[in-house]
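Have a look at start-v2.pdb below; it lists PDB, C-alpha atoms.
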```pdb
MODEL        1
ATOM      1  CA  MET S1156       5.622-117.815 -29.458
ATOM      2  CA  SER S1157       4.390-121.086 -27.990
ATOM      3  CA  ASN S1158       7.831-122.433 -27.059
ATOM      4  CA  LEU S1159       8.634-119.510 -24.731
ATOM      5  CA  ASP S1160       8.020-119.377 -21.000
ATOM      6  CA  SER S1161       5.912-116.478 -19.782
ATOM      7  CA  LYS S1162       8.887-114.301 -18.803
ATOM      8  CA  ASP S1163      10.635-114.805 -22.172
ATOM      9  CA  PHE S1164       7.302-114.127 -23.839
ATOM     10  CA  GLY S1165       7.003-110.851 -21.902
ATOM     11  CA  ARG S1166      10.422-109.669 -23.052
ATOM     12  CA  GLN S1167       9.669-110.477 -26.720
ATOM     13  CA  TYR S1168       6.255-108.828 -26.520
ATOM     14  CA  ILE S1169       7.686-105.625 -25.025
ATOM     15  CA  GLU S1170      10.480-105.538 -27.587
ATOM     16  CA  VAL S1171       8.452-106.222 -30.740
ATOM     17  CA  ILE S1172       5.140-104.521 -29.966
ATOM     18  CA  TRP S1173       6.107-101.710 -27.591
ATOM     19  CA  ASN S1174       9.704-100.864 -28.529
ATOM     20  CA  GLN S1175       9.816-101.661 -32.236
ATOM     21  CA  ALA S1176       6.124-100.836 -32.829
ATOM     22  CA  GLN S1177       5.687-103.796 -35.180
ATOM     23  CA  LEU S1178       1.931-103.577 -34.868
ATOM     24  CA  HIS S1179       1.367-105.762 -37.942
ATOM     25  CA  ARG S1180       2.669-108.587 -35.723
ATOM     26  CA  LEU S1181       0.180-107.950 -32.914
ATOM     27  CA  ASP S1182      -1.785-111.133 -33.647
ATOM     28  CA  GLU S1183       1.392-113.203 -33.185
ATOM     29  CA  PHE S1184       1.413-112.064 -29.565
ATOM     30  CA  THR S1185      -2.201-111.555 -28.544
ATOM     31  CA  ALA S1186      -5.122-113.986 -28.470
ATOM     32  CA  PRO S1187      -8.290-112.897 -30.336
ATOM     33  CA  ASP S1188     -10.148-112.611 -27.015
ATOM     34  CA  VAL S1189      -7.356-110.817 -25.126
ATOM     35  CA  VAL S1190      -8.489-108.491 -22.326
ATOM     36  CA  ARG S1191      -6.339-105.523 -21.331
ATOM     37  CA  HIS S1192      -6.982-103.264 -18.323
ATOM     38  CA  ASP S1193      -5.238 -99.984 -17.643
ATOM     39  CA  PRO S1194      -6.708 -97.233 -15.443
ATOM     40  CA  ALA S1195      -5.571 -94.570 -17.919
ATOM     41  CA  SER S1196      -7.156 -96.117 -21.030
ATOM     42  CA  GLY S1197      -9.877 -98.342 -19.606
ATOM     43  CA  VAL S1198     -10.680-101.897 -20.617
ATOM     44  CA  GLN S1199     -10.032-103.299 -24.073
ATOM     45  CA  ARG S1200     -11.821-106.503 -24.985
ATOM     46  CA  GLY S1201     -10.507-108.393 -27.980
ATOM     47  CA  LEU S1202      -7.633-107.915 -30.371
ATOM     48  CA  GLU S1203      -9.207-105.042 -32.336
ATOM     49  CA  GLU S1204      -9.861-102.859 -29.276
ATOM     50  CA  PHE S1205      -6.351-103.671 -28.080
ATOM     51  CA  ARG S1206      -4.942-102.668 -31.475
ATOM     52  CA  VAL S1207      -6.737 -99.293 -31.342
ATOM     53  CA  VAL S1208      -5.185 -98.397 -27.965
ATOM     54  CA  VAL S1209      -1.656 -99.578 -28.820
ATOM     55  CA  THR S1210      -1.809 -97.727 -32.143
ATOM     56  CA  ALA S1211      -2.979 -94.530 -30.411
ATOM     57  CA  LEU S1212      -0.172 -94.730 -27.836
ATOM     58  CA  HIS S1213       2.463 -95.180 -30.538
ATOM     59  CA  ALA S1214       0.971 -92.254 -32.480
ATOM     60  CA  ALA S1215       1.100 -90.035 -29.371
ATOM     61  CA  PHE S1216       4.524 -91.118 -28.104
ATOM     62  CA  SER S1217       7.301 -91.866 -30.530
ATOM     63  CA  PRO S1218       9.863 -93.146 -30.050
ATOM     64  CA  MET S1219       8.974 -95.066 -26.896
ATOM     65  CA  HIS S1220      11.472 -97.289 -25.188
ATOM     66  CA  PHE S1221      10.584 -99.728 -22.429
ATOM     67  CA  THR S1222      13.176-101.256 -20.110
ATOM     68  CA  ILE S1223      12.170-104.201 -17.947
ATOM     69  CA  ASN S1224      13.563-103.761 -14.422
ATOM     70  CA  TRP S1225      12.153-106.863 -12.752
ATOM     71  CA  GLN S1226      10.242-109.898 -13.876
ATOM     72  CA  LEU S1227       8.641-112.666 -11.901
ATOM     73  CA  GLY S1228       6.255-115.477 -12.490
ATOM     74  CA  GLU S1229       5.671-119.143 -12.816
ATOM     75  CA  GLY S1230       3.770-121.040 -15.466
ATOM     76  CA  ASP S1231       1.224-118.974 -17.375
ATOM     77  CA  ALA S1232       1.182-115.946 -15.044
ATOM     78  CA  ALA S1233       3.943-113.354 -14.894
ATOM     79  CA  ALA S1234       4.584-109.709 -14.135
ATOM     80  CA  HIS S1235       7.146-107.074 -14.908
ATOM     81  CA  HIS S1236       8.093-103.694 -13.555
ATOM     82  CA  TRP S1237       9.189-101.364 -16.327
ATOM     83  CA  THR S1238      10.446 -97.891 -17.077
ATOM     84  CA  VAL S1239       9.455 -96.118 -20.278
ATOM     85  CA  THR S1240      10.992 -93.074 -21.886
ATOM     86  CA  GLY S1241       9.273 -91.331 -24.759
ATOM     87  CA  THR S1242       8.521 -88.138 -26.613
ATOM     88  CA  HIS S1243       5.050 -86.640 -26.942
ATOM     89  CA  VAL S1244       4.559 -86.178 -30.698
ATOM     90  CA  GLY S1245       0.818 -86.720 -31.181
ATOM     91  CA  GLU S1246      -2.535 -85.851 -29.567
ATOM     92  CA  PHE S1247      -3.160 -87.581 -26.229
ATOM     93  CA  MET S1248      -6.083 -87.262 -23.806
ATOM     94  CA  GLY S1249      -7.210 -84.209 -25.769
ATOM     95  CA  ASN S1250      -3.798 -82.543 -25.492
ATOM     96  CA  ALA S1251      -1.924 -81.345 -28.565
ATOM     97  CA  PRO S1252       1.660 -82.644 -28.990
ATOM     98  CA  THR S1253       4.175 -80.839 -26.775
ATOM     99  CA  GLY S1254       7.433 -82.353 -28.098
ATOM    100  CA  LYS S1255       8.362 -83.006 -24.460
ATOM    101  CA  GLN S1256      10.156 -86.084 -23.207
ATOM    102  CA  PHE S1257       9.073 -88.142 -20.220
ATOM    103  CA  THR S1258      10.242 -91.051 -18.084
ATOM    104  CA  LEU S1259       7.893 -93.051 -15.908
ATOM    105  CA  ASP S1260       7.366 -96.473 -14.327
ATOM    106  CA  GLY S1261       4.657 -99.082 -14.393
ATOM    107  CA  ILE S1262       3.921-102.635 -13.362
ATOM    108  CA  SER S1263       2.048-105.102 -15.573
ATOM    109  CA  ILE S1264       0.593-108.474 -14.663
ATOM    110  CA  TYR S1265      -0.140-110.730 -17.617
ATOM    111  CA  ARG S1266      -1.226-114.251 -18.512
ATOM    112  CA  VAL S1267      -0.250-116.323 -21.509
ATOM    113  CA  ALA S1268      -2.138-119.277 -22.993
ATOM    114  CA  ASP S1269      -1.008-121.302 -26.018
ATOM    115  CA  GLY S1270       1.826-118.838 -26.521
ATOM    116  CA  LYS S1271      -0.377-115.732 -26.702
ATOM    117  CA  LEU S1272      -1.347-112.952 -24.358
ATOM    118  CA  VAL S1273      -4.853-113.483 -22.929
ATOM    119  CA  GLU S1274      -4.856-110.911 -20.121
ATOM    120  CA  GLU S1275      -2.810-107.842 -19.295
ATOM    121  CA  ARG S1276      -3.339-105.443 -16.414
ATOM    122  CA  ALA S1277      -1.025-102.470 -16.300
ATOM    123  CA  VAL S1278      -0.868 -99.739 -13.665
ATOM    124  CA  TRP S1279       1.500 -96.907 -14.524
ATOM    125  CA  ASP S1280       2.274 -93.363 -13.472
ATOM    126  CA  ALA S1281      -0.269 -91.489 -15.579
ATOM    127  CA  LEU S1282      -0.117 -88.571 -13.119
ATOM    128  CA  GLY S1283       3.631 -88.379 -13.782
ATOM    129  CA  LEU S1284       2.937 -88.193 -17.508
ATOM    130  CA  VAL S1285       0.419 -85.382 -17.005
ATOM    131  CA  LYS S1286       2.883 -83.462 -14.808
ATOM    132  CA  GLN S1287       5.927 -84.008 -17.043
ATOM    133  CA  LEU S1288       4.074 -82.953 -20.197
ATOM    134  CA  GLY S1289       2.493 -79.990 -18.417
ATOM    135  CA  PHE S1290      -1.120 -80.977 -19.090
ATOM    136  CA  THR S1291      -3.669 -79.037 -17.089
ATOM    137  CA  ALA S1292      -4.597 -81.319 -14.226
TER     138      ALA S1292
ATOM    139  CA  MET F  15      10.122-124.842  -6.552
ATOM    140  CA  ASN F  16       9.506-124.989  -2.836
ATOM    141  CA  ALA F  17       5.757-124.714  -2.302
ATOM    142  CA  PHE F  18       6.307-123.478   1.243
ATOM    143  CA  VAL F  19       8.347-120.491   0.013
ATOM    144  CA  LEU F  20       5.665-119.587  -2.528
ATOM    145  CA  GLU F  21       2.971-119.798   0.118
ATOM    146  CA  THR F  22       5.026-117.677   2.524
ATOM    147  CA  ASN F  23       5.578-115.012  -0.124
ATOM    148  CA  GLN F  24       1.894-115.010  -1.011
ATOM    149  CA  THR F  25       0.971-114.607   2.655
ATOM    150  CA  LEU F  26       3.396-111.676   3.057
ATOM    151  CA  ALA F  27       1.786-109.891   0.113
ATOM    152  CA  GLN F  28      -1.717-110.526   1.460
ATOM    153  CA  ARG F  29      -0.717-109.231   4.878
ATOM    154  CA  TYR F  30       0.952-106.152   3.413
ATOM    155  CA  ARG F  31      -2.010-104.988   1.373
ATOM    156  CA  ALA F  32      -5.037-106.453   3.173
ATOM    157  CA  GLU F  33      -3.799-106.227   6.784
ATOM    158  CA  LEU F  34      -1.409-103.273   7.088
ATOM    159  CA  TRP F  35      -3.250-101.029   4.638
ATOM    160  CA  ASN F  36      -6.558-101.873   6.289
ATOM    161  CA  GLY F  37      -5.149-100.345   9.469
ATOM    162  CA  ARG F  38      -3.253-103.026  11.417
ATOM    163  CA  GLN F  39      -0.059-101.034  12.106
ATOM    164  CA  GLU F  40       1.966-103.787  13.811
ATOM    165  CA  THR F  41       1.920-105.791  10.580
ATOM    166  CA  ALA F  42       4.574-103.385   9.239
ATOM    167  CA  ASP F  43       7.017-104.506  11.964
ATOM    168  CA  GLU F  44       6.111-108.144  11.512
ATOM    169  CA  ILE F  45       6.579-108.470   7.765
ATOM    170  CA  THR F  46       9.191-105.887   6.692
ATOM    171  CA  ALA F  47      12.948-105.951   7.270
ATOM    172  CA  PRO F  48      14.355-103.030   9.341
ATOM    173  CA  ASP F  49      16.007-101.606   6.199
ATOM    174  CA  CYS F  50      13.118-102.264   3.798
ATOM    175  CA  VAL F  51      13.041 -99.636   1.021
ATOM    176  CA  PHE F  52       9.984 -98.122  -0.669
ATOM    177  CA  HIS F  53       9.464 -96.830  -4.192
ATOM    178  CA  VAL F  54       6.005 -95.378  -4.655
ATOM    179  CA  ASN F  55       6.103 -94.362  -8.308
ATOM    180  CA  ASP F  56       3.019 -92.161  -8.387
ATOM    181  CA  SER F  57       4.449 -88.609  -8.737
ATOM    182  CA  PHE F  58       2.376 -87.824  -5.638
ATOM    183  CA  THR F  59       3.517 -89.608  -2.464
ATOM    184  CA  PRO F  60       6.514 -87.995  -0.714
ATOM    185  CA  ALA F  61       9.780 -90.013  -0.751
ATOM    186  CA  LEU F  62      10.036 -92.402   2.193
ATOM    187  CA  ASP F  63      12.970 -93.276   4.433
ATOM    188  CA  PRO F  64      13.754 -96.991   4.737
ATOM    189  CA  GLY F  65      12.168 -99.046   7.500
ATOM    190  CA  PRO F  66       8.761 -99.886   8.933
ATOM    191  CA  ALA F  67       8.323 -96.586  10.806
ATOM    192  CA  ALA F  68       8.150 -94.640   7.530
ATOM    193  CA  LEU F  69       5.762 -97.210   6.104
ATOM    194  CA  LYS F  70       3.431 -96.849   9.085
ATOM    195  CA  GLN F  71       3.472 -93.052   8.656
ATOM    196  CA  LEU F  72       2.472 -93.468   5.018
ATOM    197  CA  VAL F  73      -0.448 -95.704   5.930
ATOM    198  CA  VAL F  74      -1.519 -93.215   8.608
ATOM    199  CA  MET F  75      -1.350 -90.359   6.076
ATOM    200  CA  TYR F  76      -3.746 -92.105   3.694
ATOM    201  CA  ARG F  77      -5.989 -93.561   6.398
ATOM    202  CA  THR F  78      -6.333 -90.152   8.089
ATOM    203  CA  ALA F  79      -7.595 -88.758   4.787
ATOM    204  CA  PHE F  80      -9.679 -91.867   3.970
ATOM    205  CA  PRO F  81     -10.470 -93.480   7.364
ATOM    206  CA  ASP F  82     -13.054 -95.926   6.027
ATOM    207  CA  THR F  83     -10.849 -97.281   3.230
ATOM    208  CA  SER F  84     -11.168-100.979   2.553
ATOM    209  CA  PHE F  85      -8.438-102.648   0.526
ATOM    210  CA  SER F  86      -9.040-105.956  -1.194
ATOM    211  CA  VAL F  87      -6.586-108.194  -3.002
ATOM    212  CA  GLU F  88      -7.712-109.029  -6.531
ATOM    213  CA  ASP F  89      -4.742-110.953  -7.941
ATOM    214  CA  LEU F  90      -1.397-112.416  -6.866
ATOM    215  CA  VAL F  91       1.557-113.715  -8.868
ATOM    216  CA  VAL F  92       4.435-115.205  -6.924
ATOM    217  CA  ASP F  93       7.877-116.706  -7.365
ATOM    218  CA  ALA F  94      10.663-117.708  -4.976
ATOM    219  CA  ALA F  95      11.892-114.177  -4.241
ATOM    220  CA  LYS F  96       9.160-111.797  -5.401
ATOM    221  CA  VAL F  97       5.407-111.376  -5.398
ATOM    222  CA  VAL F  98       3.040-108.944  -7.081
ATOM    223  CA  VAL F  99      -0.352-108.097  -5.669
ATOM    224  CA  ARG F 100      -3.066-106.233  -7.537
ATOM    225  CA  TRP F 101      -5.509-104.481  -5.258
ATOM    226  CA  ARG F 102      -8.455-102.140  -5.090
ATOM    227  CA  GLY F 103      -9.120 -99.563  -2.390
ATOM    228  CA  ASN F 104     -12.534 -98.032  -1.747
ATOM    229  CA  GLY F 105     -12.936 -95.128   0.660
ATOM    230  CA  THR F 106     -14.266 -91.670   1.423
ATOM    231  CA  GLN F 107     -12.117 -88.584   1.858
ATOM    232  CA  GLN F 108     -13.044 -87.365   5.341
ATOM    233  CA  GLY F 109      -9.714 -85.680   6.164
ATOM    234  CA  ALA F 110      -6.982 -83.650   4.484
ATOM    235  CA  LEU F 111      -4.565 -85.406   2.144
ATOM    236  CA  GLY F 112      -1.489 -83.166   2.020
ATOM    237  CA  THR F 113      -2.804 -79.861   0.712
ATOM    238  CA  ILE F 114      -6.116 -81.373  -0.420
ATOM    239  CA  ALA F 115      -8.836 -80.487   2.089
ATOM    240  CA  ALA F 116     -11.534 -83.078   2.805
ATOM    241  CA  THR F 117     -13.946 -83.363  -0.098
ATOM    242  CA  GLY F 118     -16.347 -85.948   1.340
ATOM    243  CA  LYS F 119     -16.088 -87.807  -1.960
ATOM    244  CA  SER F 120     -15.979 -91.574  -2.342
ATOM    245  CA  VAL F 121     -13.248 -93.062  -4.487
ATOM    246  CA  SER F 122     -12.250 -96.439  -5.871
ATOM    247  CA  VAL F 123      -8.686 -96.888  -7.089
ATOM    248  CA  THR F 124      -6.487 -99.765  -8.196
ATOM    249  CA  GLY F 125      -2.782-100.466  -7.874
ATOM    250  CA  ILE F 126      -0.079-103.113  -8.040
ATOM    251  CA  ASP F 127       2.635-103.756  -5.433
ATOM    252  CA  LEU F 128       5.840-105.620  -6.225
ATOM    253  CA  LEU F 129       7.456-107.025  -3.074
ATOM    254  CA  HIS F 130      11.001-108.371  -2.914
ATOM    255  CA  ILE F 131      11.430-110.974  -0.201
ATOM    256  CA  LYS F 132      14.530-112.261   1.536
ATOM    257  CA  ASP F 133      14.717-114.642   4.495
ATOM    258  CA  GLY F 134      10.978-114.441   5.015
ATOM    259  CA  LYS F 135      10.841-110.630   5.212
ATOM    260  CA  VAL F 136       9.907-107.930   2.733
ATOM    261  CA  VAL F 137      13.084-106.010   1.802
ATOM    262  CA  ALA F 138      11.817-103.715  -0.976
ATOM    263  CA  ILE F 139       8.421-102.578  -2.219
ATOM    264  CA  TRP F 140       7.629-100.970  -5.559
ATOM    265  CA  THR F 141       4.106 -99.628  -5.973
ATOM    266  CA  ASN F 142       2.228 -98.201  -8.912
ATOM    267  CA  TRP F 143      -1.317 -97.034  -8.328
ATOM    268  CA  ASP F 144      -3.864 -94.841 -10.036
ATOM    269  CA  ALA F 145      -3.119 -91.509  -8.356
ATOM    270  CA  LEU F 146      -4.451 -89.634 -11.405
ATOM    271  CA  GLY F 147      -7.717 -91.568 -11.024
ATOM    272  CA  LEU F 148      -7.860 -90.545  -7.369
ATOM    273  CA  LEU F 149      -7.433 -86.848  -8.240
ATOM    274  CA  LYS F 150     -10.078 -87.152 -10.968
ATOM    275  CA  GLN F 151     -12.544 -88.773  -8.592
ATOM    276  CA  LEU F 152     -11.896 -86.012  -6.042
ATOM    277  CA  GLY F 153     -12.692 -83.485  -8.761
ATOM    278  CA  LEU F 154      -9.126 -82.154  -8.865
ATOM    279  CA  ALA F 155      -8.046 -83.310 -12.333
ATOM    280  CA  ALA F 156      -9.715 -83.331 -15.714
TER     281      ALA F 156
ENDMDL
END
```

Mind turning the file's structure into structure tokens?
Amino acid sequence: MSNLDSKDFGRQYIEVIWNQAQLHRLDEFTAPDVVRHDPASGVQRGLEEFRVVVTALHAAFSPMHFTINWQLGEGDAAAHHWTVTGTHVGEFMGNAPTGKQFTLDGISIYRVADGKLVEERAVWDALGLVKQLGFTA
Amino acid sequence: MNAFVLETNQTLAQRYRAELWNGRQETADEITAPDCVFHVNDSFTPALDPGPAALKQLVVMYRTAFPDTSFSVEDLVVDAAKVVVRWRGNGTQQGALGTIAATGKSVSVTGIDLLHIKDGKVVAIWTNWDALGLLKQLGLAA
């Protein structure tokens, strides 16, 4: 991915990893020492911790489809505001699958070095997910 | 790219989160366009009318509930027409927040604002923040 600028990189990463769930390609997109922060799932340090969280999200919500609404950035740093739709088909936060659909928004800030993701910080509407799926809050 | 524009956009984002949200009301009039629109995507905050008056009311709502809140800017990414700011707010719930009576609890939450800028003013703001984390820290969510 090293010939892409950070915004193009972000679109490819969302498409391949988050929309198409090609998790066997995760190491094409993420550096071994990647750090990901997300208030709903905590901090993941390194590719293997990252893989565990992404795998769990795809197991809980399938299909998931992310649409990028806005992107910005210059050089290695970029951000995007996205909307995701999905269906709750697997256990999540201790809740059994409901079969319900949801739509919610989030914003992610990320940094790319040598064509790979080194940092991602996402803040998304986890309360909206809880409300839409009817989890006990 | 024009370095002055980038610096201006960065300053607007700093002023929005670290000045207005720390209680300086007049900043809302100074940095936002009269028809600035707000999208707080938290499934919690009531929908806001356009314009700085609604923004000031929102700040008052949160600062009445958490009067000692201190917001700090932790990251900024900027381009010619947009800027994102990642922030953290630390405060204590000393007043009611909507239907939530004062709990006296201290909270620390994070969020990201995306500001759209035109002619040196903020014209649209999208915000995502950890409202579920706030409710958990207040003891109101599992």

Inset, instruction - Can you work out the spacing between CA of Arg1166 in chain S and CA of Asp1188 in chain S in Å, to one decimal? - result: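 These two atoms are separated by 21.2 Å.
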
With 9 Å as the cut-off and only C-alpha atoms counted, what is the closest atom pair between each nearby residue of chain F and chain S? Distances in Å to one decimal, ordered by chain and number, as a Markdown table.
```
| residue | atom | partner | partner_atom | distance |
| --- | --- | --- | --- | --- |
| F:Asn55 | CA | S:Asp1260 | CA | 6.5 |
| F:Asp56 | CA | S:Asp1280 | CA | 5.3 |
| F:Ser57 | CA | S:Gly1283 | CA | 5.1 |
| F:Phe58 | CA | S:Leu1282 | CA | 7.9 |
| F:Asp89 | CA | S:Ile1264 | CA | 8.9 |
| F:Leu90 | CA | S:Ile1264 | CA | 9.0 |
| F:Val91 | CA | S:Gly1228 | CA | 6.2 |
| F:Val92 | CA | S:Gly1228 | CA | 5.9 |
| F:Asp93 | CA | S:Gly1228 | CA | 5.5 |
| F:Ala94 | CA | S:Leu1227 | CA | 8.8 |
| F:Ala95 | CA | S:Leu1227 | CA | 8.5 |
| F:Lys96 | CA | S:Leu1227 | CA | 6.6 |
| F:Val97 | CA | S:Leu1227 | CA | 7.4 |
| F:Val98 | CA | S:Ala1234 | CA | 7.3 |
| F:Arg100 | CA | S:Ile1264 | CA | 8.3 |
| F:Val123 | CA | S:Pro1194 | CA | 8.6 |
| F:Thr124 | CA | S:Pro1194 | CA | 7.7 |
| F:Gly125 | CA | S:Val1278 | CA | 6.1 |
| F:Ile126 | CA | S:Val1278 | CA | 6.6 |
| F:Asp127 | CA | S:Ile1262 | CA | 8.1 |
| F:Leu128 | CA | S:His1236 | CA | 7.9 |
| F:Trp140 | CA | S:His1236 | CA | 8.5 |
| F:Thr141 | CA | S:Ile1262 | CA | 8.0 |
| F:Asn142 | CA | S:Trp1279 | CA | 5.8 |
| F:Trp143 | CA | S:Val1278 | CA | 6.0 |
| F:Asp144 | CA | S:Pro1194 | CA | 6.6 |
| F:Ala145 | CA | S:Leu1282 | CA | 6.4 |
| F:Leu146 | CA | S:Leu1282 | CA | 4.8 |
| F:Gly147 | CA | S:Pro1194 | CA | 7.3 |
| F:Leu149 | CA | S:Ala1292 | CA | 8.6 |
| F:Lys150 | CA | S:Ala1292 | CA | 8.6 |
| F:Leu154 | CA | S:Ala1292 | CA | 7.1 |
| F:Ala155 | CA | S:Ala1292 | CA | 4.4 |
| F:Ala156 | CA | S:Ala1292 | CA | 5.7 |
```

Inset, instruction - Determine the nearest neighbour of Asn23 in chain F from the options F:Met75, F:Ala68, F:Ile45, F:Pro60, counting all atoms listed in the file. - result: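 Residue with the minimum atom-to-atom distance to Asn23 in chain F: F:Ile45.
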
Inset, instruction - Could you expand the PyMOL selection byres ((chain F and resi 46) around 6) into the explicit residues it covers here, written as a PyMOL selection string? - result: chain F and resi 42-43+45+47+135-136

Legend entry - Non-local contacts of Gln108 in chain F (8 Å; all atoms listed in the file; under 6 positions in same chain excluded) as a PyMOL selection string: chain F and resi 78-81+116-119

Inset, instruction - With the file shown as input, list the residues that the PyMOL selection byres ((chain S and resi 1200) around 12) selects, as a list of chain:residue names. - result: S:Thr1185, S:Ala1186, S:Pro1187, S:Asp1188, S:Val1189, S:Val1190, S:Arg1191, S:His1192, S:Asp1193, S:Gly1197, S:Val1198, S:Gln1199, S:Gly1201, S:Leu1202, S:Glu1203, S:Glu1204, S:Phe1205, S:Arg1206, S:Val1207, S:Val1208, S:Val1273, S:Glu1274, S:Glu1275

Could the residues in this selection be saved with C-alpha atoms as a JSON list (two decimals), in the coordinates of the input?
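Printed below is again.json as written:
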```json
[["chain", "number", "residue", "atom", "x", "y", "z"],
["S", 1185, "THR", "CA", -2.20, -111.56, -28.54],
["S", 1186, "ALA", "CA", -5.12, -113.99, -28.47],
["S", 1187, "PRO", "CA", -8.29, -112.90, -30.34],
["S", 1188, "ASP", "CA", -10.15, -112.61, -27.02],
["S", 1189, "VAL", "CA", -7.36, -110.82, -25.13],
["S", 1190, "VAL", "CA", -8.49, -108.49, -22.33],
["S", 1191, "ARG", "CA", -6.34, -105.52, -21.33],
["S", 1192, "HIS", "CA", -6.98, -103.26, -18.32],
["S", 1193, "ASP", "CA", -5.24, -99.98, -17.64],
["S", 1197, "GLY", "CA", -9.88, -98.34, -19.61],
["S", 1198, "VAL", "CA", -10.68, -101.90, -20.62],
["S", 1199, "GLN", "CA", -10.03, -103.30, -24.07],
["S", 1201, "GLY", "CA", -10.51, -108.39, -27.98],
["S", 1202, "LEU", "CA", -7.63, -107.92, -30.37],
["S", 1203, "GLU", "CA", -9.21, -105.04, -32.34],
["S", 1204, "GLU", "CA", -9.86, -102.86, -29.28],
["S", 1205, "PHE", "CA", -6.35, -103.67, -28.08],
["S", 1206, "ARG", "CA", -4.94, -102.67, -31.48],
["S", 1207, "VAL", "CA", -6.74, -99.29, -31.34],
["S", 1208, "VAL", "CA", -5.18, -98.40, -27.96],
["S", 1273, "VAL", "CA", -4.85, -113.48, -22.93],
["S", 1274, "GLU", "CA", -4.86, -110.91, -20.12],
["S", 1275, "GLU", "CA", -2.81, -107.84, -19.30]]
```

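Among the candidate residues F:Gln151, F:Asn16, F:Thr59, F:Gln24, the one lying nearest to Gly112 in chain F is F:Thr59, with distances computed using all atoms listed in the file.
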
What box, with edges along x, y and z, holds each listed atom of range 1166-1183 of chain S when 3 Å is added on every side, and can you state its centre and edge lengths in Å to one decimal, as AutoDock Vina command-line options?
```
--center_x 4.3 --center_y -107.0 --center_z -30.5 --size_x 18.3 --size_y 18.4 --size_z 20.9
```

Legend entry - Shell around Glu33 in chain F at 12 Å using only C-alpha atoms, local window under 2 positions removed, as a PyMOL selection string: chain F and resi 25-31+35-42+44-45+73+83-87

Inset, instruction - List the neighbours of Glu1170 in chain S out to 9 Å using all atoms listed in the file; skip same-chain residues closer than 6 positions along the sequence, and give me the result as a list in words. - result: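 What passes the distance filter is Ala1176, His1220 and Phe1221 of chain S.
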
Inset, instruction - Measure the distance from CA of Lys1271 in chain S to CA of Asp1182 in chain S in Å and round it to one decimal. - result: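 Separating CA of Lys1271 in chain S from CA of Asp1182 in chain S is a distance of 8.4 Å.
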
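Nearest residue to Leu1272 in chain S, choosing from S:Ser1161, S:Thr1258, S:Thr1253, S:Gln1177 and counting all atoms listed in the file: S:Ser1161.
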
Give me the residues near Thr1242 in chain S as a PDB file with C-alpha atoms, in the frame of the given file, where near means some atom within 7 Å (using all atoms listed in the file) and where sequence neighbours in that chain fewer than 4 positions away do not count.
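Output below, filename result.pdb:
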```pdb
ATOM      1  CA  PHE S1216       4.524 -91.118 -28.104  1.00  0.00           C
ATOM      2  CA  SER S1217       7.301 -91.866 -30.530  1.00  0.00           C
ATOM      3  CA  PRO S1218       9.863 -93.146 -30.050  1.00  0.00           C
ATOM      4  CA  MET S1219       8.974 -95.066 -26.896  1.00  0.00           C
ATOM      5  CA  GLY S1254       7.433 -82.353 -28.098  1.00  0.00           C
ATOM      6  CA  LYS S1255       8.362 -83.006 -24.460  1.00  0.00           C
ATOM      7  CA  GLN S1256      10.156 -86.084 -23.207  1.00  0.00           C
ATOM      8  CA  PHE S1257       9.073 -88.142 -20.220  1.00  0.00           C
TER       9      PHE S1257
END
```
